[in-house]
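Chemist: Please find data34.txt (compact mmCIF, C-alpha atoms) on the next line:
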# COMPACT_ATOMS: atom_id res chain seq x y z
CA THR C 891 -34.64 -29.83 41.31
CA MET C 892 -31.03 -29.33 40.14
CA CYS C 893 -29.70 -30.77 43.45
CA GLN C 894 -31.87 -33.87 43.06
CA SER C 895 -30.73 -34.38 39.46
CA GLU C 896 -27.14 -34.09 40.61
CA ALA C 897 -27.83 -36.68 43.32
CA ARG C 898 -29.28 -39.12 40.78
CA ARG C 899 -26.14 -38.86 38.63
CA GLY C 900 -23.36 -41.19 39.63
CA PRO C 901 -20.37 -39.74 41.41
CA GLU C 902 -18.29 -40.39 38.33
CA LEU C 903 -20.44 -37.90 36.36
CA ARG C 904 -20.34 -35.10 38.91
CA PRO C 905 -17.80 -32.33 38.28
CA ALA C 906 -14.91 -32.35 40.71
CA LYS C 907 -15.45 -30.14 43.77
CA TRP C 908 -12.27 -28.19 43.09
CA LEU C 909 -13.80 -26.88 39.85
CA TYR C 910 -16.68 -24.99 41.48
CA PHE C 911 -14.65 -22.07 42.78
CA PRO C 912 -12.40 -21.75 39.69
CA GLN C 913 -15.48 -21.79 37.44
CA LEU C 914 -17.08 -18.99 39.45
CA ALA C 915 -13.87 -16.98 39.45
CA LEU C 916 -13.32 -17.55 35.75
CA ARG C 917 -16.89 -16.53 34.91
CA ARG C 918 -16.34 -13.25 36.73
CA ARG C 919 -13.00 -12.75 34.98
CA LEU C 920 -14.50 -13.46 31.56
CA GLY C 921 -17.26 -10.99 32.36
CA GLN C 922 -14.61 -8.35 33.01
CA LEU C 923 -12.80 -9.23 29.78
CA SER C 924 -16.02 -8.88 27.78
CA CYS C 925 -16.19 -5.23 28.84
CA MET C 926 -12.68 -4.49 27.52
CA SER C 927 -11.88 -2.91 24.19
CA LYS C 928 -10.94 -5.33 21.40
CA PRO C 929 -7.18 -4.46 21.43
CA ALA C 930 -7.00 -4.92 25.21
CA LEU C 931 -8.99 -8.15 25.03
CA LYS C 932 -6.71 -9.49 22.30
CA LEU C 933 -3.63 -8.61 24.35
CA ARG C 934 -4.99 -10.40 27.43
CA SER C 935 -6.15 -13.50 25.49
CA TRP C 936 -2.93 -13.97 23.51
CA PRO C 937 -0.73 -15.45 26.32
CA LEU C 938 -3.51 -17.82 27.40
CA THR C 939 -3.94 -19.00 23.80
CA VAL C 940 -0.19 -19.67 23.50
CA LEU C 941 -0.35 -21.79 26.66
CA TYR C 942 -3.40 -23.63 25.27
CA TYR C 943 -1.44 -24.81 22.23
CA LEU C 944 1.83 -25.49 24.08
CA LEU C 945 0.59 -27.33 27.17
CA PRO C 946 -0.42 -31.02 27.04
CA LEU C 947 -3.86 -31.77 25.62
CA GLY C 948 -6.61 -31.11 28.14
CA ALA C 949 -4.52 -29.05 30.56
CA LEU C 950 -6.72 -26.00 30.00
CA ARG C 951 -9.94 -27.91 29.32
CA PRO C 952 -11.72 -26.46 32.40
CA LEU C 953 -11.61 -23.07 30.67
CA SER C 954 -13.90 -24.35 27.90
CA ARG C 955 -16.58 -25.07 30.52
CA VAL C 956 -16.90 -21.39 31.34
CA GLY C 957 -17.15 -20.24 27.72
CA TRP C 958 -13.51 -19.44 26.83
CA ARG C 959 -12.32 -20.37 23.37
CA PRO C 960 -8.72 -20.11 22.13
CA VAL C 961 -7.82 -17.86 19.23
CA SER C 962 -7.28 -19.89 16.05
CA ARG C 963 -3.72 -20.73 15.08
CA VAL C 964 -4.04 -18.57 11.95
CA ALA C 965 -5.26 -15.56 13.96
CA LEU C 966 -2.51 -16.18 16.50
CA TYR C 967 0.13 -16.18 13.78
CA LYS C 968 -1.33 -13.02 12.20
CA SER C 969 -0.98 -11.25 15.55
CA VAL C 970 2.80 -11.74 15.55
CA PRO C 971 4.49 -8.37 14.76
CA THR C 972 6.19 -9.61 11.61
CA ARG C 973 6.77 -6.10 10.22
CA LEU C 974 8.62 -5.06 13.35
CA LEU C 975 10.66 -8.27 13.33
CA SER C 976 11.46 -7.77 9.64
CA ARG C 977 12.67 -4.21 10.23
CA ALA C 978 14.84 -5.45 13.10
CA TRP C 979 16.23 -8.18 10.86
CA GLY C 980 16.94 -5.57 8.17
CA ARG C 981 18.89 -3.47 10.68
CA LEU C 982 20.86 -6.54 11.75
CA ASN C 983 21.69 -7.33 8.13
CA GLN C 984 23.34 -3.91 7.76
CA VAL C 985 25.74 -4.46 10.68
CA GLU C 986 29.27 -4.93 9.36
CA LEU C 987 30.75 -8.24 10.50
CA PRO C 988 34.35 -8.49 11.73
CA HIS C 989 36.65 -9.95 9.09
CA TRP C 990 37.32 -13.10 11.12
CA LEU C 991 33.59 -13.77 11.67
CA ARG C 992 32.45 -13.58 8.06
CA ARG C 993 33.53 -17.03 6.90
CA PRO C 994 31.94 -19.00 9.79
CA VAL C 995 28.66 -17.01 9.62
CA TYR C 996 28.29 -17.27 5.84
CA SER C 997 29.44 -20.89 5.80
CA LEU C 998 26.70 -21.78 8.28
CA TYR C 999 24.12 -20.07 6.06
CA ILE C 1000 25.48 -21.81 2.94
CA TRP C 1001 25.31 -25.21 4.67
CA THR C 1002 21.79 -24.60 6.05
CA PHE C 1003 20.14 -23.43 2.81
CA GLY C 1004 22.31 -25.14 0.18
CA VAL C 1005 23.74 -22.02 -1.45
CA ASN C 1006 25.91 -22.64 -4.53
CA MET C 1007 28.73 -20.12 -4.18
CA LYS C 1008 30.45 -21.36 -7.35
CA GLU C 1009 27.84 -19.35 -9.29
CA ALA C 1010 28.54 -16.13 -7.37
CA ALA C 1011 30.44 -13.36 -9.13
CA VAL C 1012 32.63 -13.10 -5.99
CA GLU C 1013 33.25 -16.44 -4.27
CA ASP C 1014 35.46 -15.05 -1.49
CA LEU C 1015 33.25 -14.89 1.63
CA HIS C 1016 35.43 -12.19 3.21
CA HIS C 1017 34.34 -9.83 0.42
CA TYR C 1018 30.81 -9.47 1.84
CA ARG C 1019 30.84 -6.94 4.67
CA ASN C 1020 27.40 -7.78 6.03
CA LEU C 1021 24.55 -10.24 5.59
CA SER C 1022 22.67 -7.87 3.30
CA GLU C 1023 25.53 -7.83 0.77
CA PHE C 1024 25.74 -11.61 0.94
CA PHE C 1025 21.99 -12.02 0.32
CA ARG C 1026 22.13 -9.68 -2.69
CA ARG C 1027 25.22 -11.25 -4.22
CA LYS C 1028 25.49 -11.12 -8.02
CA LEU C 1029 26.02 -14.13 -10.29
CA LYS C 1030 28.63 -14.79 -12.92
CA PRO C 1031 27.43 -13.69 -16.38
CA GLN C 1032 27.44 -17.24 -17.77
CA ALA C 1033 25.68 -18.74 -14.73
CA ARG C 1034 22.16 -17.98 -16.03
CA PRO C 1035 21.86 -18.03 -19.84
CA VAL C 1036 18.60 -16.45 -21.02
CA CYS C 1037 16.45 -18.69 -23.22
CA GLY C 1038 15.79 -16.88 -26.49
CA LEU C 1039 13.42 -19.45 -28.03
CA HIS C 1040 10.51 -18.95 -25.61
CA SER C 1041 8.45 -15.80 -25.15
CA VAL C 1042 8.31 -15.90 -21.31
CA ILE C 1043 11.20 -16.91 -19.05
CA SER C 1044 11.50 -17.32 -15.30
CA PRO C 1045 12.27 -13.94 -13.70
CA SER C 1046 14.13 -15.58 -10.81
CA ASP C 1047 15.42 -18.75 -9.23
CA GLY C 1048 12.83 -20.60 -7.19
CA LYS C 1049 10.17 -23.29 -6.99
CA ILE C 1050 7.00 -23.36 -9.11
CA LEU C 1051 4.04 -23.32 -6.72
CA ASN C 1052 1.28 -23.04 -9.31
CA PHE C 1053 0.53 -22.01 -12.88
CA GLY C 1054 -2.25 -22.10 -15.45
CA GLN C 1055 -5.28 -20.15 -16.62
CA VAL C 1056 -7.09 -17.72 -14.34
CA LYS C 1057 -10.66 -18.95 -13.90
CA ASN C 1058 -13.59 -17.16 -12.24
CA CYS C 1059 -11.31 -14.28 -11.16
CA GLU C 1060 -9.63 -16.65 -8.67
CA VAL C 1061 -5.90 -17.46 -8.68
CA GLU C 1062 -4.37 -20.47 -6.95
CA GLN C 1063 -1.46 -19.64 -4.63
CA VAL C 1064 -0.97 -23.39 -4.11
CA LYS C 1065 -3.08 -26.38 -5.17
CA GLY C 1066 -6.63 -25.92 -3.87
CA VAL C 1067 -6.04 -22.58 -2.08
CA THR C 1068 -7.13 -19.49 -4.01
CA TYR C 1069 -7.22 -15.72 -3.72
CA SER C 1070 -9.20 -13.01 -5.47
CA LEU C 1071 -7.60 -11.52 -8.56
CA GLU C 1072 -9.08 -8.08 -7.84
CA SER C 1073 -7.97 -8.16 -4.18
CA PHE C 1074 -4.45 -9.05 -5.28
CA LEU C 1075 -4.00 -6.50 -8.08
CA GLY C 1076 -6.34 -3.89 -6.62
CA PRO C 1077 -9.22 -2.10 -8.37
CA ARG C 1078 -8.59 -0.71 -11.81
CA ILE C 1079 -8.70 3.08 -11.97
CA PRO C 1080 -9.25 5.38 -14.97
CA THR C 1081 -5.88 7.08 -15.41
CA GLU C 1082 -3.74 8.06 -18.35
CA ASP C 1083 -1.77 4.85 -18.22
CA LEU C 1084 -4.89 2.68 -17.64
CA PRO C 1085 -7.36 3.92 -20.28
CA PHE C 1086 -10.37 1.84 -19.25
CA PRO C 1087 -13.27 2.31 -16.83
CA PRO C 1088 -13.26 0.70 -13.38
CA ALA C 1089 -14.70 -2.81 -13.12
CA THR C 1090 -18.00 -3.44 -11.36
CA SER C 1091 -18.01 -7.24 -11.20
CA CYS C 1092 -15.74 -10.26 -11.49
CA GLY C 1093 -16.45 -10.77 -15.19
CA SER C 1094 -15.99 -7.12 -16.08
CA PHE C 1095 -12.80 -6.90 -14.01
CA ARG C 1096 -11.30 -9.78 -15.97
CA SER C 1097 -12.45 -8.15 -19.21
CA GLN C 1098 -10.44 -5.03 -18.28
CA LEU C 1099 -7.28 -7.15 -18.26
CA VAL C 1100 -7.98 -9.29 -21.34
CA THR C 1101 -7.85 -6.59 -23.98
CA ARG C 1102 -7.82 -8.73 -27.15
CA GLU C 1103 -10.47 -11.09 -28.43
CA GLY C 1104 -9.50 -14.75 -28.24
CA ASN C 1105 -6.94 -14.25 -25.48
CA GLU C 1106 -6.90 -15.82 -22.02
CA LEU C 1107 -5.47 -14.74 -18.67
CA TYR C 1108 -2.60 -16.83 -17.23
CA HIS C 1109 -0.68 -16.87 -13.98
CA CYS C 1110 2.50 -18.35 -12.54
CA VAL C 1111 3.70 -18.33 -8.90
CA ILE C 1112 7.41 -18.72 -8.11
CA TYR C 1113 8.65 -19.11 -4.52
CA LEU C 1114 12.19 -17.94 -3.72
CA ALA C 1115 13.74 -19.86 -0.83
CA PRO C 1116 16.32 -18.17 1.45
CA GLY C 1117 19.15 -19.97 -0.35
CA ASP C 1118 18.08 -18.85 -3.85
CA TYR C 1119 19.49 -16.02 -5.93
CA HIS C 1120 17.58 -12.97 -4.62
CA CYS C 1121 17.48 -10.69 -7.66
CA PHE C 1122 14.66 -10.84 -10.20
CA HIS C 1123 14.64 -9.90 -13.86
CA SER C 1124 12.26 -9.05 -16.65
CA PRO C 1125 10.49 -12.23 -17.82
CA THR C 1126 9.82 -10.90 -21.33
CA ASP C 1127 10.01 -7.82 -23.54
CA TRP C 1128 7.38 -5.47 -22.12
CA THR C 1129 6.67 -1.89 -21.01
CA VAL C 1130 5.97 -1.04 -17.36
CA SER C 1131 3.41 1.76 -17.13
CA HIS C 1132 2.20 1.64 -13.53
CA ARG C 1133 3.29 0.66 -10.02
CA ARG C 1134 0.94 -0.07 -7.12
CA HIS C 1135 2.41 -0.62 -3.64
CA PHE C 1136 0.30 -2.42 -1.03
CA PRO C 1137 1.67 -2.02 2.51
CA GLY C 1138 0.62 -5.03 4.56
CA SER C 1139 1.70 -7.93 6.70
CA LEU C 1140 4.98 -9.75 6.24
CA MET C 1141 3.96 -13.33 6.93
CA SER C 1142 6.02 -16.25 5.68
CA VAL C 1143 5.20 -17.27 2.10
CA ASN C 1144 6.73 -20.76 2.14
CA PRO C 1145 4.52 -23.44 0.51
CA GLY C 1146 3.35 -24.83 3.87
CA MET C 1147 2.14 -21.41 5.01
CA ALA C 1148 0.50 -20.77 1.62
CA ARG C 1149 -1.60 -23.92 2.12
CA TRP C 1150 -2.52 -22.84 5.64
CA ILE C 1151 -3.60 -19.20 5.16
CA LYS C 1152 -6.18 -18.35 2.51
CA GLU C 1153 -5.41 -15.23 0.46
CA LEU C 1154 -1.95 -15.04 2.01
CA PHE C 1155 -0.58 -13.04 -0.93
CA CYS C 1156 -3.41 -10.49 -0.52
CA HIS C 1157 -2.51 -9.95 3.14
CA ASN C 1158 1.22 -9.46 2.58
CA GLU C 1159 3.02 -6.35 1.43
CA ARG C 1160 3.56 -6.40 -2.32
CA VAL C 1161 4.60 -4.28 -5.28
CA VAL C 1162 2.50 -4.71 -8.44
CA LEU C 1163 4.05 -3.64 -11.75
CA THR C 1164 1.59 -3.54 -14.66
CA GLY C 1165 2.01 -2.78 -18.33
CA ASP C 1166 1.81 -4.34 -21.78
CA TRP C 1167 3.65 -6.86 -23.91
CA LYS C 1168 3.08 -7.93 -27.51
CA HIS C 1169 -0.02 -9.96 -26.58
CA GLY C 1170 -1.69 -7.41 -24.26
CA PHE C 1171 -1.78 -7.03 -20.47
CA PHE C 1172 1.26 -8.10 -18.41
CA SER C 1173 2.03 -7.80 -14.69
CA LEU C 1174 4.77 -8.85 -12.29
CA THR C 1175 4.15 -8.72 -8.54
CA ALA C 1176 6.89 -8.97 -5.92
CA VAL C 1177 5.37 -10.27 -2.66
CA GLY C 1178 7.12 -9.50 0.63
CA ALA C 1179 7.59 -12.03 3.44
CA THR C 1180 8.90 -12.36 6.99
CA ASN C 1181 12.43 -10.93 7.26
CA VAL C 1182 12.17 -9.43 3.77
CA GLY C 1183 12.89 -5.93 4.99
CA SER C 1184 12.72 -4.37 1.56
CA ILE C 1185 11.54 -4.89 -2.01
CA ARG C 1186 13.61 -2.83 -4.39
CA ILE C 1187 12.74 -1.90 -7.98
CA TYR C 1188 15.85 -0.54 -9.68
CA PHE C 1189 14.15 2.11 -11.82
CA ASP C 1190 11.75 3.26 -9.06
CA GLN C 1191 13.58 5.47 -6.59
CA ASP C 1192 10.34 6.64 -4.93
CA LEU C 1193 9.38 3.17 -3.68
CA HIS C 1194 9.84 2.60 0.07
CA THR C 1195 8.63 -0.67 1.58
CA ASN C 1196 8.13 -1.96 5.15
CA SER C 1197 7.39 1.47 6.63
CA PRO C 1198 6.63 1.57 10.39
CA ARG C 1199 3.06 2.81 9.90
CA TYR C 1200 0.43 2.12 7.28
CA SER C 1201 -3.35 1.95 6.90
CA LYS C 1202 -4.73 -1.56 6.47
CA GLY C 1203 -6.11 -2.07 2.98
CA SER C 1204 -4.44 1.06 1.59
CA TYR C 1205 -2.21 1.25 -1.48
CA ASN C 1206 -0.07 3.83 -3.27
CA ASP C 1207 -0.17 4.33 -7.04
CA PHE C 1208 2.59 5.71 -9.22
CA SER C 1209 2.46 6.19 -12.98
CA PHE C 1210 5.54 5.83 -15.19
CA VAL C 1211 3.63 7.37 -18.09
CA THR C 1212 4.46 11.06 -17.96
CA HIS C 1213 4.39 13.95 -20.41
CA MET C 1214 8.10 13.40 -21.03
CA ASN C 1215 7.81 9.61 -21.39
CA LYS C 1216 4.44 8.50 -22.71
CA GLU C 1217 5.65 4.96 -23.36
CA GLY C 1218 6.49 4.03 -19.77
CA ILE C 1219 9.59 2.01 -18.81
CA PRO C 1220 10.69 -0.42 -21.56
CA MET C 1221 12.17 -3.69 -20.24
CA ARG C 1222 14.09 -6.27 -22.23
CA LYS C 1223 13.83 -9.98 -21.50
CA GLY C 1224 16.41 -10.89 -18.83
CA GLU C 1225 17.14 -7.29 -17.85
CA HIS C 1226 17.70 -6.59 -14.13
CA LEU C 1227 14.43 -5.47 -12.56
CA GLY C 1228 14.73 -5.61 -8.76
CA GLU C 1229 15.74 -7.57 -5.67
CA PHE C 1230 14.53 -8.93 -2.33
CA ASN C 1231 16.46 -8.71 0.90
CA LEU C 1232 15.69 -12.40 1.50
CA GLY C 1233 13.55 -15.13 -0.11
CA SER C 1234 9.99 -14.33 -1.16
CA THR C 1235 7.54 -14.82 -4.07
CA ILE C 1236 7.06 -13.57 -7.63
CA VAL C 1237 3.58 -13.74 -9.22
CA LEU C 1238 3.12 -13.26 -12.97
CA ILE C 1239 -0.37 -12.52 -14.35
CA PHE C 1240 -0.56 -11.89 -18.07
CA GLU C 1241 -2.70 -12.05 -21.17
CA ALA C 1242 -1.83 -14.40 -24.01
CA PRO C 1243 -3.49 -16.29 -26.89
CA LYS C 1244 -5.31 -19.54 -26.13
CA ASP C 1245 -2.50 -21.67 -27.58
CA PHE C 1246 0.00 -20.44 -24.96
CA ASN C 1247 1.56 -23.46 -23.22
CA PHE C 1248 3.54 -23.64 -19.99
CA LYS C 1249 6.68 -25.82 -20.03
CA LEU C 1250 6.42 -26.54 -16.29
CA LYS C 1251 5.44 -29.00 -13.58
CA ALA C 1252 4.07 -27.90 -10.20
CA GLY C 1253 6.75 -28.18 -7.52
CA GLN C 1254 9.71 -28.18 -9.88
CA LYS C 1255 12.82 -26.09 -9.26
CA ILE C 1256 13.55 -23.43 -11.85
CA ARG C 1257 16.32 -20.93 -12.45
CA PHE C 1258 16.30 -17.44 -13.86
CA GLY C 1259 16.46 -17.49 -17.65
CA GLU C 1260 14.79 -20.88 -18.11
CA ALA C 1261 11.58 -21.12 -20.14
CA LEU C 1262 8.18 -20.73 -18.48
CA GLY C 1263 6.14 -21.10 -21.64
CA SER C 1264 5.57 -20.03 -25.20
CA LEU C 1265 3.10 -20.07 -28.09
Please rewrite the model in this file as structure tokens.

Modeler:
Amino acid sequence: TMCQSEARRGPELRPAKWLYFPQLALRRRLGQLSCMSKPALKLRSWPLTVLYYLLPLGALRPLSRVGWRPVSRVALYKSVPTRLLSRAWGRLNQVELPHWLRRPVYSLYIWTFGVNMKEAAVEDLHHYRNLSEFFRRKLKPQARPVCGLHSVISPSDGKILNFGQVKNCEVEQVKGVTYSLESFLGPRIPTEDLPFPPATSCGSFRSQLVTREGNELYHCVIYLAPGDYHCFHSPTDWTVSHRRHFPGSLMSVNPGMARWIKELFCHNERVVLTGDWKHGFFSLTAVGATNVGSIRIYFDQDLHTNSPRYSKGSYNDFSFVTHMNKEGIPMRKGEHLGEFNLGSTIVLIFEAPKDFNFKLKAGQKIRFGEALGSL
């Protein structure tokens, strides 16, 4: 019998007597939790999971004996209300600082993130009334000369996370971690500004983007740190015909988090601008992040990001091709395009001939106006 088998086992193998009652109580409690709705169950499990990861190893091991398993670290992080925190941070950024407090607050930020204020159009820290104005500071005209010899330039300051050809409809956010091209850009729709049928498979989706024979699809991911210049510009001469806004999470997009969470850029809020340049399809996507309360596109007054409510997986389309302007929005290389409220990520996906070459190394720092690549 079970009692006899327990007797044969040495005392060192028997479970401690104090565990019998807790196990019984925990089994009953877990039975009650299993009857709860998923939101209620998630709410009840979250504090216990936090304790599991914070307490010394093995402190909550008895729970595993009654069938409890902690939520994964990724799922735990995704449950953090980053949109709410980002809206609160955005409100805080708008609060006007007293004149005497501006220098110490901004100086601390400059020291922490290595901001070069000598490049700022206005170096006097007292000029910036709040944190938002300081984040969106303009640069001196000569601080970022635009390279005229190369066809594609960096749209912003930042760090190169990844670049290269798009293969198998998968794009690398960092080395070895990919996301789906169709999930990122969204399904193609037959509209006036997108005169092609919707894709039905990976190969056909890519063929919708590569419009000219002999061309390839390329991508480049640029991460903007909190200390970087927060505006972004047009990377080439092109015409913007369509905007697609994906409401979503606002998780951190720093390189460490990009290695940790697969398809991070597909989960986060983003604004996808698509159009054409001289070699075919061209797109620029501004990806939101934690504490990035807003993504602003200067010529798009109807865009509103980080709204309190949204439907998961939804997106909003807007066409710049109208009866009055059939050509869309023409952009010149280096022209002001938009801005973030704090650091984030820019993703370029574009069509170009096979002899297009990037002038980059993964992990290198780059500044707006410097060359990304050319033919």

Chemist: Have a look at atom CA of C:Phe1210 and atom CA of C:Val1130 and let me know their distance in Å, one decimal.

Modeler: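 Taking atom CA of C:Phe1210 and atom CA of C:Val1130, their separation equals 7.2 Å.
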
Chemist: Return the single residue from C:His1040, C:Arg993, C:Lys1008, C:Arg1026 that is closest to C:Lys1223, with distances computed using all atoms listed in the file.

Modeler: C:His1040

Chemist: Would you list the contacts of C:Phe1240 as a ChimeraX atom specification, taking every protein, DNA or RNA residue within 10 Å and counting all atoms listed in the file, but skipping same-chain residues closer than 5 positions in sequence?

Modeler: /C:1055-1056,1099-1100,1106-1110,1164-1167,1169-1174

Chemist: Interatomic distance between atom CA of C:Ser1139 and atom CA of C:Phe1095?

Modeler: 25.3 Å

Chemist: Residues proximal to (9.8, -22.5, -2.5) were defined as those with any atom within 8 Å of that point in the file's coordinates, counting all atoms listed in the file. Which are they, as a JSON list (two decimals) with C-alpha atoms, in the coordinates of the input?

Modeler:
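Saved as point.json:
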[["chain", "number", "residue", "atom", "x", "y", "z"],
["C", 1048, "GLY", "CA", 12.83, -20.60, -7.19],
["C", 1049, "LYS", "CA", 10.17, -23.29, -6.99],
["C", 1050, "ILE", "CA", 7.00, -23.36, -9.11],
["C", 1051, "LEU", "CA", 4.04, -23.32, -6.72],
["C", 1112, "ILE", "CA", 7.41, -18.72, -8.11],
["C", 1113, "TYR", "CA", 8.65, -19.11, -4.52],
["C", 1114, "LEU", "CA", 12.19, -17.94, -3.72],
["C", 1115, "ALA", "CA", 13.74, -19.86, -0.83],
["C", 1144, "ASN", "CA", 6.73, -20.76, 2.14],
["C", 1145, "PRO", "CA", 4.52, -23.44, 0.51]]

Chemist: Could you name the residues that touch stretch 1010-1012 of chain C at 8 Å or less, counting only C-alpha atoms, but leaving out those on the same chain fewer than 4 positions away, as a list in words?

Modeler: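 Here the answer would be Asn1006, His1017, Arg1027, Lys1028, Leu1029, Lys1030 and Pro1031 of chain C.
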
Chemist: Restricting the calculation to all atoms listed in the file: of C:Glu1009, C:Glu986, C:Glu1225, C:Asp1047, which residue gets closest to C:Leu1021?

Modeler: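 The shortest atom-to-atom distance to C:Leu1021 comes from C:Glu986.
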
Chemist: Using all atoms listed in the file, pick whichever of C:Thr1212, C:Thr1195, C:Ser1044, C:Gln984 has the shortest atom-to-atom distance to C:Phe1230.

Modeler: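 Once distances to C:Phe1230 are computed over all atoms listed in the file, the minimum belongs to C:Thr1195.
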
Chemist: From the options C:Tyr1018, C:Cys1059, C:Thr1129, C:Asp1207, which residue's atoms come nearest to C:Val995, counting all atoms listed in the file?

Modeler: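 Ranked by minimum distance to C:Val995, first place goes to C:Tyr1018.
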
Chemist: One decimal, in Å: what's the spacing between atom CA of C:Glu1159 and atom CA of C:Arg973?

Modeler: 9.6 Å

Chemist: Could you name the residues that touch stretch 1226-1228 of chain C at 7 Å or less, counting only C-alpha atoms, but leaving out those on the same chain fewer than 2 positions away, as a ChimeraX atom specification?

Modeler: /C:1121-1124,1186-1188,1224

Chemist: Please provide as a PyMOL selection string all residues within 12 Å of C:Ser1184, with the sequence filter that same-chain residues fewer than 2 positions apart are discarded (counting only C-alpha atoms).

Modeler: chain C and resi 973+976-981+983+1022+1026+1120+1137+1140+1159-1161+1176-1182+1186-1187+1193-1197+1228-1234

Chemist: Restricted to C-alpha atoms, what would the selected residues look like written as a PDB file, in the coordinates of the input?

Modeler:
ATOM      1  CA  ARG C 973       6.770  -6.100  10.220  1.00  0.00           C
ATOM      2  CA  SER C 976      11.460  -7.770   9.640  1.00  0.00           C
ATOM      3  CA  ARG C 977      12.670  -4.210  10.230  1.00  0.00           C
ATOM      4  CA  ALA C 978      14.840  -5.450  13.100  1.00  0.00           C
ATOM      5  CA  TRP C 979      16.230  -8.180  10.860  1.00  0.00           C
ATOM      6  CA  GLY C 980      16.940  -5.570   8.170  1.00  0.00           C
ATOM      7  CA  ARG C 981      18.890  -3.470  10.680  1.00  0.00           C
ATOM      8  CA  ASN C 983      21.690  -7.330   8.130  1.00  0.00           C
ATOM      9  CA  SER C1022      22.670  -7.870   3.300  1.00  0.00           C
ATOM     10  CA  ARG C1026      22.130  -9.680  -2.690  1.00  0.00           C
ATOM     11  CA  HIS C1120      17.580 -12.970  -4.620  1.00  0.00           C
ATOM     12  CA  PRO C1137       1.670  -2.020   2.510  1.00  0.00           C
ATOM     13  CA  LEU C1140       4.980  -9.750   6.240  1.00  0.00           C
ATOM     14  CA  GLU C1159       3.020  -6.350   1.430  1.00  0.00           C
ATOM     15  CA  ARG C1160       3.560  -6.400  -2.320  1.00  0.00           C
ATOM     16  CA  VAL C1161       4.600  -4.280  -5.280  1.00  0.00           C
ATOM     17  CA  ALA C1176       6.890  -8.970  -5.920  1.00  0.00           C
ATOM     18  CA  VAL C1177       5.370 -10.270  -2.660  1.00  0.00           C
ATOM     19  CA  GLY C1178       7.120  -9.500   0.630  1.00  0.00           C
ATOM     20  CA  ALA C1179       7.590 -12.030   3.440  1.00  0.00           C
ATOM     21  CA  THR C1180       8.900 -12.360   6.990  1.00  0.00           C
ATOM     22  CA  ASN C1181      12.430 -10.930   7.260  1.00  0.00           C
ATOM     23  CA  VAL C1182      12.170  -9.430   3.770  1.00  0.00           C
ATOM     24  CA  ARG C1186      13.610  -2.830  -4.390  1.00  0.00           C
ATOM     25  CA  ILE C1187      12.740  -1.900  -7.980  1.00  0.00           C
ATOM     26  CA  LEU C1193       9.380   3.170  -3.680  1.00  0.00           C
ATOM     27  CA  HIS C1194       9.840   2.600   0.070  1.00  0.00           C
ATOM     28  CA  THR C1195       8.630  -0.670   1.580  1.00  0.00           C
ATOM     29  CA  ASN C1196       8.130  -1.960   5.150  1.00  0.00           C
ATOM     30  CA  SER C1197       7.390   1.470   6.630  1.00  0.00           C
ATOM     31  CA  GLY C1228      14.730  -5.610  -8.760  1.00  0.00           C
ATOM     32  CA  GLU C1229      15.740  -7.570  -5.670  1.00  0.00           C
ATOM     33  CA  PHE C1230      14.530  -8.930  -2.330  1.00  0.00           C
ATOM     34  CA  ASN C1231      16.460  -8.710   0.900  1.00  0.00           C
ATOM     35  CA  LEU C1232      15.690 -12.400   1.500  1.00  0.00           C
ATOM     36  CA  GLY C1233      13.550 -15.130  -0.110  1.00  0.00           C
ATOM     37  CA  SER C1234       9.990 -14.330  -1.160  1.00  0.00           C
TER      38      SER C1234
END

Chemist: Restricting the calculation to only C-alpha atoms, which member of C:Val1005, C:Ile1185, C:Gly1263, C:Asn1020 is positioned closest to C:Pro988?

Modeler: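 Closest candidate: C:Asn1020.
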
Chemist: Quick one: residues within 12 Å of C:Cys1156, only C-alpha atoms counted, chain neighbours fewer than 3 positions away excluded, as a compact mmCIF listing (two decimals) with C-alpha atoms, in the frame of the given file?

Modeler:
# COMPACT_ATOMS: atom_id res chain seq x y z
CA GLU C 1060 -9.63 -16.65 -8.67
CA VAL C 1061 -5.90 -17.46 -8.68
CA GLU C 1062 -4.37 -20.47 -6.95
CA GLN C 1063 -1.46 -19.64 -4.63
CA THR C 1068 -7.13 -19.49 -4.01
CA TYR C 1069 -7.22 -15.72 -3.72
CA SER C 1070 -9.20 -13.01 -5.47
CA LEU C 1071 -7.60 -11.52 -8.56
CA GLU C 1072 -9.08 -8.08 -7.84
CA SER C 1073 -7.97 -8.16 -4.18
CA PHE C 1074 -4.45 -9.05 -5.28
CA LEU C 1075 -4.00 -6.50 -8.08
CA GLY C 1076 -6.34 -3.89 -6.62
CA HIS C 1135 2.41 -0.62 -3.64
CA PHE C 1136 0.30 -2.42 -1.03
CA PRO C 1137 1.67 -2.02 2.51
CA GLY C 1138 0.62 -5.03 4.56
CA SER C 1139 1.70 -7.93 6.70
CA LEU C 1140 4.98 -9.75 6.24
CA MET C 1141 3.96 -13.33 6.93
CA VAL C 1143 5.20 -17.27 2.10
CA ALA C 1148 0.50 -20.77 1.62
CA ILE C 1151 -3.60 -19.20 5.16
CA LYS C 1152 -6.18 -18.35 2.51
CA GLU C 1153 -5.41 -15.23 0.46
CA GLU C 1159 3.02 -6.35 1.43
CA ARG C 1160 3.56 -6.40 -2.32
CA VAL C 1161 4.60 -4.28 -5.28
CA VAL C 1162 2.50 -4.71 -8.44
CA THR C 1175 4.15 -8.72 -8.54
CA ALA C 1176 6.89 -8.97 -5.92
CA VAL C 1177 5.37 -10.27 -2.66
CA GLY C 1178 7.12 -9.50 0.63
CA ALA C 1179 7.59 -12.03 3.44
CA LYS C 1202 -4.73 -1.56 6.47
CA GLY C 1203 -6.11 -2.07 2.98
CA SER C 1204 -4.44 1.06 1.59
CA TYR C 1205 -2.21 1.25 -1.48
CA VAL C 1237 3.58 -13.74 -9.22
